[in-house]
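S.K.: A single structure is presented below for examination.
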Amino acid sequence: MQRVRNLGLAFVTLGVIELSWCAFCLFGGALLTIVGFADEKMGPLLWLGGGAYGLLAAAAFLMGAVHVGSGAMLRRGSGTIAAVVGMATCLPSLVLALYCFPFSLGALVYGIVVLLDPDARKALEGG
């Protein structure tokens with residue numbers, strides 16, 4: 001049961017890191033867009049960069065929300081589906097949220113270890 005709660009804590013922590021990455025992308029995108037309005041020659045390129053940062057921010061927000069939600073469910077000790085969804089969300093986090101790569105990889109590996117443990121699976125299934 002403790003492993004399941006630890007996995008939940010790892011997912012919540014990863015979600016908070018991804019939400020901070022979302023804030024960073026929003027700031028960077030807004031800054032590029034503002035500079036794009038001021039510069040006539042580089043304006044369209046900077047707007048494109050701001051839009052790319054905006055898409056990264058949206059993806060980071062979704063990944064962070066999923067990780068916080070699945071982590072909260074795992075902290076309560078239920079949710080095999082939440083564990084699988086949280087682990088599946090680690091895959092795009094490895095690619096899109098660059099600063100989250102090491103922690104996301106660790107949470108993914110630890111999630112696999114937890115799901116392979118028979119006692120943890122029994123606790124997840126409520127038995």
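The chains in the structure tokens are called A, B, ... from first to last as shown; in each chain the residues are counted from 1, and the ligands are counted from 1 in the order shown.
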I want to know what sits within 8 Å of Trp47 (chain A), based on only C-alpha atoms, with residues of the same chain fewer than 2 positions away left out; could you give that as a list in words?
M.R.: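 Contacts, with the query itself left out: Leu32, Thr33, Gly36, Gly43, Pro44, Leu45, Gly49, Gly50 and Gly51 of chain A.
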S.K.: Within 12 Å of Leu108 (chain A), counting only C-alpha atoms, which residues show up once you throw out same-chain ones fewer than 4 positions away? Write them as an NGL selection string, please.
M.R.: :A and (7-8 or 10-11 or 14 or 67 or 83-94 or 100-104 or 112-115)
S.K.: Based on the selection just made, write C-alpha atoms of those residues as a PDB file, in the first residue's frame.
M.R.:
```
ATOM      1  CA  LEU A   7       3.626   6.551  -6.724  1.00  0.00           C
ATOM      2  CA  GLY A   8       0.758   8.963  -6.110  1.00  0.00           C
ATOM      3  CA  ALA A  10       5.523  11.078  -7.458  1.00  0.00           C
ATOM      4  CA  PHE A  11       2.678  11.827  -9.880  1.00  0.00           C
ATOM      5  CA  LEU A  14       5.520  15.618 -11.476  1.00  0.00           C
ATOM      6  CA  HIS A  67      -0.755  13.768 -13.131  1.00  0.00           C
ATOM      7  CA  ALA A  83      -1.925   4.479 -12.355  1.00  0.00           C
ATOM      8  CA  VAL A  84      -2.011   3.388 -15.993  1.00  0.00           C
ATOM      9  CA  VAL A  85      -3.253   6.787 -17.206  1.00  0.00           C
ATOM     10  CA  GLY A  86      -0.572   8.566 -15.167  1.00  0.00           C
ATOM     11  CA  MET A  87       2.103   6.305 -16.589  1.00  0.00           C
ATOM     12  CA  ALA A  88       0.799   6.790 -20.136  1.00  0.00           C
ATOM     13  CA  THR A  89       0.908  10.551 -19.621  1.00  0.00           C
ATOM     14  CA  CYS A  90       4.582  10.243 -18.675  1.00  0.00           C
ATOM     15  CA  LEU A  91       5.377   9.353 -22.300  1.00  0.00           C
ATOM     16  CA  PRO A  92       4.468  12.721 -23.875  1.00  0.00           C
ATOM     17  CA  SER A  93       5.956  14.409 -20.830  1.00  0.00           C
ATOM     18  CA  LEU A  94       9.299  12.839 -21.724  1.00  0.00           C
ATOM     19  CA  CYS A 100      10.416  17.194 -16.588  1.00  0.00           C
ATOM     20  CA  PHE A 101      12.313  14.467 -18.483  1.00  0.00           C
ATOM     21  CA  PRO A 102      14.335  12.971 -15.579  1.00  0.00           C
ATOM     22  CA  PHE A 103      11.466  12.998 -13.113  1.00  0.00           C
ATOM     23  CA  SER A 104       8.993  11.701 -15.674  1.00  0.00           C
ATOM     24  CA  ILE A 112       6.094  -0.181 -13.729  1.00  0.00           C
ATOM     25  CA  VAL A 113       7.745  -1.550 -10.577  1.00  0.00           C
ATOM     26  CA  VAL A 114       4.609  -0.825  -8.544  1.00  0.00           C
ATOM     27  CA  LEU A 115       2.254  -2.414 -11.065  1.00  0.00           C
TER      28      LEU A 115
END
```
S.K.: I want to know what sits within 8 Å of Ala123 (chain A), based on only C-alpha atoms, with residues of the same chain fewer than 6 positions away left out; could you give that as a PDB file with C-alpha atoms, in the first residue's frame?
M.R.:
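Output file around_6.pdb follows:
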```pdb
ATOM      1  CA  MET A   1       0.000   0.000   0.000  1.00  0.00           C
ATOM      2  CA  VAL A   4       0.957   2.972  -4.249  1.00  0.00           C
ATOM      3  CA  GLY A  77      -5.138   4.075  -2.391  1.00  0.00           C
ATOM      4  CA  SER A  78      -7.441   3.372  -5.323  1.00  0.00           C
TER       5      SER A  78
END
```
S.K.: Have a look at A:Met73, A:Leu26, A:Glu40, A:Ile34 and name the one nearest to Gly54 (chain A); count only C-alpha atoms.
M.R.: A:Leu26
S.K.: Need the shell around Gly15 (chain A): protein/DNA/RNA residues with any atom at most 9 Å away, counting only C-alpha atoms. Skip same-chain ones fewer than 5 positions apart. Format as a PyMOL selection string?
M.R.: chain A and resi 10+20+60-61+63-69+71
S.K.: Would you please work out which residue, of A:Leu74, A:Gly126, A:Asp119, A:Ala52, is nearest to Gly28 (chain A) when using only C-alpha atoms?
M.R.: A:Ala52
